[in-house]
Amino acid sequence: MKKLFLLIALLFTALSFAQEIGSVKGLITDKEFNNEPLPYASVVIKGTSKGVSSNEEGIYEFKDLDVGSYILVFSFVGYETQEIKVEVVANKVTVVNVPLGVSAASLSEVVITTTTRKESEAALLLDQKKATEIKQSIGAVELSRKGVGDAAGAVSKISGVSKQEGSSNVYVRGLGDRYLNTTLNGLSLPSNDVNKKNVDLNLFSTDIIENVSISKAYSSRFYGDFSAGNVDISSKDYKGDWFFDFYTGSSVNTNAADQNFLKSEGTSYFGFYNRFDNDPFAVVLSHGFDSVDLNTPININFGGSFGKSFDFENGSRLSFYGTGSFENSFEYRRGSNINFTNVEDRAFEDAEEFEYSTKTTGMLAVNYKLDNNNSFKFNSLFINDSSDRVGNFGIDGGGRNRNAIQNTDEGFFQSNVQFDQNLIYVNQLLGKHNYEKFEIDWGIGYNVVNAHQPDRRRISLENYQLALDNDPNTNPTLFSNVVFDNQRYFQNIEDEELNGRINFEYDYAENIKINAGYNGRTKQRDFDNIRFGYDIVNPNTPVTDVNDFDSLFSLENLNTSSNPNGLFNIRVINNLPGQSNTNRPGLPENTYNGQLDVHAGYVNAEITADDNKWLFVPGLRVESFDQNISFDVINLGNEGQSSRSFSDVVYLPSLSVKYNINEDQNVRFAISETISLPEFKEVAPFVYESVSQRIGGNPDVLGFSRILNIDLKYDWFLSKNEIISIGGFYKRINDPINQVVAFDATGTQRFFRTGDNAEVIGLELELRKNIIMQDEDNAKLSGGFNVTLTNTKQDLFETVDGTIFDVSFSSDEEELQGASPVIINADLSYSPKIGTYEPNANLVFSYFSDRIDALGSGQLGNVIEKGIPTLDFILKSEITEKLEFNFSAKNLLNPTIQYEREGTGVLVTSPNGKDVTDYRRGLNIGFQLKYKF
Amino acid sequence: MKKNFLLGLAIFGLLFNSCTSDDTADIIINDNGGGDDTPPPSGTIFLSGTFTEDLTLDANETYVLNGSLIMAAGTTLTIPAGMTIEALAEGSDVYIAIAQGAQIIANGTADNPIILTSDASAPQAGDWGGVIVLGEAPINSVTGAATATSEIASLPYGGTNAEDNSGSIRYMRVQYSGAAADGQSENNGFSFYGVGRGTVIEFIQVFEGSDDGVEFFGGTVNVNNVVVVNSQDDSIDWTEGYSGTITDAYVLHGAEHDKGIEADGYNTDIGNNSNPLFFSRPNINNLTIIGNGSGTGNEAIRLRAGTQGIFTNVLIEGFEEGFDLDGDDGDNPTGAGVLSGDLSVTDVTFTDVILEVKNDTGETFMDSDFLSGIGSATGTDFATWGAGWTVGL
């Protein structure tokens, strides 16, 4: 309808031939973004003051021009300026369609506005060049080129960043989870994992991401709890007229493909579980142990997005962007599970784990542009993330347990079936307002995370080798040293957070811009768990069919007054008041409630000097925080029901300086003071028991670490998509926290402030270069390479004498946990032009060297994560304008993932990795079809 | 929960959610077993909490343990002879702990022993915790004057005072103890954490416990006349550098059991952090362990992780294996102890035992390097000293 109107209007223009005049119109398209219409580009007639902007459809127009020749100057923020000579013919419309691309040279003339499309690599490099902070980003275009499916993969392509294989852990400059923050559109995001501070970046698929950036140097607008970096995900939105696309794809994992895949009973293919409304005891009684078959292990993914905008008469515009997707993956790990300290505690040399995971995402973004000065955005994101794991340990009958009863040399077997579901809801309202010299930027967010681990099932057997001997007369027996050797476990976490930010930007003078603002967040966590143990009445009860525990642990075999010869009792740790702890529902085993309130005000100034050669950004943040943890946990004597709190006000100064050597080169320096706060799970003295690990909190770590950060960086922008960058950094962390084996009689891993100081010093080098050019602007072959070298050290106390838990160290100095001395990322991109067919092939490589996975205490050596390389191949090709075909082969080198107890040569299970160690992930080979309307 | 606030996307979630069916049945309890529903008589005094002043129990009162009774440093718990204290059969958190620097004075007599038991009408192993004593004697899981944290109750133990005195326990029976404290830990009957040799422990029995009978975590305490009957895990256990003397110990296995003695030189979860390095090295005089017969498998005594020990007069009856030694030539020098004479057995009698010694230490030695005087042991004279105050025999 609108288009028709436009056409008619154009027609009228064309037909009005009273004078010797004509007009020029055309479509400006975006070369960096699928040649979509480029709105807000500016077109000026050279030598005059006449200028127009392209509208939302990318259309611009000059009416009533005198006949003659003109030079039109087309420009768009961050894009190359094009001058085109046109002839205006009487009574005719000259159509000039112009595709605009990126140019590094023009940026100095333009003012960055909100309409910059930050998806292309070149645009992001410009952003990096212009930014007042030390920041690196990766946008949607580069993500899809490198075959990156999610934000975790995205950040690991940035220099100094590495991902831990088999977990969601991301390390920036060797500093892990504790020293990172994750935000979505500048508002804090909750973690989906009780053991983490940061959300699993795997959950953010590229449909949601416009770009991901890591700010490695502190700016006063960030929360003070900062050291290695702030990961900010900018969510996608859409301002064009309309679009709709969908994709579907499939892949296989070479390890999983030929397996009879298993998953836990009671969960759906789409990764949901719906017995939450029942008492856990009812679930235990109604449902069994056995896993169920899952059909053919072929990964699938599908999804779609749409965008639509509406214009209103008053000139405002309402835009919608929606996306929904589902994907799943099958992974099969075959390796070992070994708990070795100074002696072998449990060793399963042959272990397997099936993992079926799903990810369901939905996002709706609503943009309302009231006028050129006021805009609002509402963003609602839902993620369901599930992992269904079936682990069998000791499948060859050779498992050993030094505390076994029947046989300590062979036949120990355990199975662990667990389902984790994380439901994440993020809602944000954001606004931006310009009033001449003021700009106000604000946002409020409300997040909820429900993280459940419902009905984890564990079985322990002895003499499992007798199940493999084909002799029906010899059978394994149930191992029941403690009543929880065969157990069902339920855990719930609910996090809720309200947060907000507001920033006032004021152009005080031509060379001074002042920012002042407020950030606040109030976060709450509720945790509870309960566990039921199967107390086997008769010792050495035989198991005749190791694939059928449902009938063994059936209701008919429960030992009750009406069935006094039953096989087992079900025990719970905390009984209901007035009830027994046997064959009854129970109260939660552990609960805790954590509360964190942070309020902060800040001010900084952006001061330019000497004709913009210098930029100084001094800043100060005053932050008050209040952390409180109250808990009711088992096995802490009369200390088990208690609470602790800590509050303080800190002053955090920062200074960053940028010197532009010339148009293409600059040097940056930044120094700041920040803090690090402990996480709820580190403080709450609840102990989580996995197959071979026990990890618990320690209330003594409440408080904070003070951190000094110094950065120096040199950037040389060789061309619009080429860069050489060298950076150095230094960090000193006071009172650092480490996870170590505490000196308690069970050897539980806990958190301690282990020394006075930790220091990190490092060097970063980044190079992105075109190798063979296709034409003047586009490379046929290009490559990127970045390497980070770090040297870390922390001093260790001889003895930590805590209020409850103690530990000591035999060495007085150690490297920092999680810090690889060498991290390398590299990629090679090849995009030949065969007529109109422009495929793009990429090889993407990354490597980290050996690093400490868990610090040893006392006589125990560190657990070392062995360094591994990864190599992926990705091919993207647009078959037609609407149809895209992509192919990927990932993990081509298929390295073995290993952890070692230092000094013993024994491969062990990582406290931070999967339950199986010493395994290969297999190759993932897949394709995807994408269709755009 | 402000679910409404979460917009239509929650509905999106529910659509998928409906793909799994919930066929969980309601719980209907029509079983009266398990646990004791009769309330304690009126006038009962409940005991729990941390005491920072002395607690002297009155022989004329009835006490019920209904939680963790923890005696803080500087206090004394006095229990008169002949008293029976029942503990609520509520499991994990019901126990008595004597912290470092506190004392227990519980002097029963052969005619009037002190009995700590479950209050259940049909008591069973694991109904309640047990007795925990913590002292300041050396342990090898830490260095110097540092302390470690106990498995149950998370209290500190260990130190440098080998002569430390935690009081006196004589003629005491602990019954139906061993409740689980978490997913991996269970209470023992008696747990001695770093208890010093100034403490008097004699004539104690653990009956029907679901974990170990008596366990020593380091320390120097001497224990005389110990009886462990029907412990579901190990009857006597030591680790963390225990170096006292056990004189006259009698162990009888029930249907469910683990080893008669399981001994470690140090706590292998933490490591041996002592300096100078030492391992557990108790003296055991007059020991009898009765199993269920050699056809039922199992081992009487498992010696691991570099433990040492001087055994004298040991009688073992009814096991597949007598002694099973584990170790290596590195941090776990159990075999080296045999070769140096720090781990030896003088006078031993095996009755209905198939394999006398199994050597998995990585060191080579002859049985005769380890055992001497085979056939000449009589074990402990339980019939004499065990009469009257013990049960289950």
# chains A, B, ... in the order shown; residues from 1 in each chain; ligands from 1

call {"tool": "residues_around", "arguments": {"residues": "A:Ile661", "least_positions_apart": "6", "cutoff": "10 Å", "atoms": "only C-alpha atoms", "output": "list in words"}}
result
Lys613, Trp614, Val667, Tyr714, Asp715 and Trp716 of chain A

call {"tool": "write_last_selection", "arguments": {"atoms": "C-alpha atoms", "output": "mmCIF file, in the first residue's frame"}}
result
data_model
loop_
_atom_site.group_PDB
_atom_site.id
_atom_site.type_symbol
_atom_site.label_atom_id
_atom_site.label_comp_id
_atom_site.auth_asym_id
_atom_site.auth_seq_id
_atom_site.Cartn_x
_atom_site.Cartn_y
_atom_site.Cartn_z
ATOM 1 C CA LYS A 613 45.445 13.731 18.818
ATOM 2 C CA TRP A 614 44.938 12.997 22.484
ATOM 3 C CA VAL A 667 48.408 4.042 21.261
ATOM 4 C CA TYR A 714 49.209 -0.101 19.987
ATOM 5 C CA ASP A 715 46.863 -0.444 16.990
ATOM 6 C CA TRP A 716 47.762 0.080 13.369
#

call {"tool": "residues_around", "arguments": {"residues": "stretch 273-288 of chain B", "least_positions_apart": "6", "cutoff": "6 Å", "atoms": "only C-alpha atoms", "output": "mmCIF file with C-alpha atoms, in the first residue's frame"}}
result
data_model
loop_
_atom_site.group_PDB
_atom_site.id
_atom_site.type_symbol
_atom_site.label_atom_id
_atom_site.label_comp_id
_atom_site.auth_asym_id
_atom_site.auth_seq_id
_atom_site.Cartn_x
_atom_site.Cartn_y
_atom_site.Cartn_z
ATOM 1 C CA GLY A 858 49.365 -29.847 50.952
ATOM 2 C CA GLN A 859 51.077 -32.827 49.411
ATOM 3 C CA ASN B 140 49.790 -36.122 59.759
ATOM 4 C CA SER B 141 47.237 -34.549 57.458
ATOM 5 C CA VAL B 142 48.507 -31.082 58.378
ATOM 6 C CA THR B 143 51.834 -29.435 59.013
ATOM 7 C CA GLY B 241 49.078 -40.946 61.656
ATOM 8 C CA TYR B 242 47.374 -42.633 64.632
ATOM 9 C CA SER B 243 50.029 -43.825 67.042
ATOM 10 C CA GLY B 244 48.400 -44.985 70.280
ATOM 11 C CA THR B 245 48.123 -48.462 71.735
ATOM 12 C CA ILE B 246 45.039 -50.648 71.474
ATOM 13 C CA THR B 247 45.056 -53.404 74.070
ATOM 14 C CA ASP B 248 42.447 -56.158 74.065
ATOM 15 C CA ALA B 249 40.082 -55.718 71.142
ATOM 16 C CA TYR B 250 37.304 -58.103 70.148
ATOM 17 C CA GLY B 265 49.093 -44.437 57.054
ATOM 18 C CA THR B 307 50.563 -47.590 57.628
ATOM 19 C CA GLN B 308 52.864 -49.130 60.150
ATOM 20 C CA GLY B 309 51.918 -50.992 63.305
ATOM 21 C CA ILE B 310 53.182 -53.570 65.759
ATOM 22 C CA PHE B 311 50.621 -56.345 66.221
ATOM 23 C CA THR B 312 51.059 -58.827 69.034
ATOM 24 C CA ASN B 313 48.853 -61.846 69.729
ATOM 25 C CA VAL B 314 46.289 -61.778 66.902
ATOM 26 C CA LEU B 315 43.571 -64.387 66.370
ATOM 27 C CA GLY B 379 43.725 -63.451 70.961
ATOM 28 C CA THR B 380 42.092 -61.429 73.668
#

call {"tool": "select_by_dssp", "arguments": {"residues": "stretch 69-302 of chain B", "states": "strand (DSSP E or B)", "output": "ChimeraX atom specification"}}
result
/B:69-71,76-79,84-87,95-98,103-107,114-118,131-134,148-149,156-157,167-175,180,186,190-193,200-207,214-217,223-229,236-239,245-252,261-264,283-290,299-302

call {"tool": "closest_residue", "arguments": {"among": "A:Val212, A:Ile84, A:Val572, A:Val44", "to": "chain B", "atoms": "only C-alpha atoms"}}
result
A:Val572

call {"tool": "residues_around", "arguments": {"residues": "stretch 913-923 of chain A", "least_positions_apart": "3", "cutoff": "10 Å", "atoms": "only C-alpha atoms", "output": "ChimeraX atom specification"}}
result
/A:164-169,251-257,331-338,348-353,389,391-393,416,690-693,853,865,872,889-900,907-910,926

call {"tool": "atom_distance", "arguments": {"atom1": "atom CA of A:Asp610", "atom2": "atom CA of A:Val657"}}
result
13.2 Å

call {"tool": "closest_residue", "arguments": {"among": "B:Thr220, B:Thr346, B:Thr296, B:Thr384", "to": "chain A", "atoms": "only C-alpha atoms"}}
result
B:Thr296
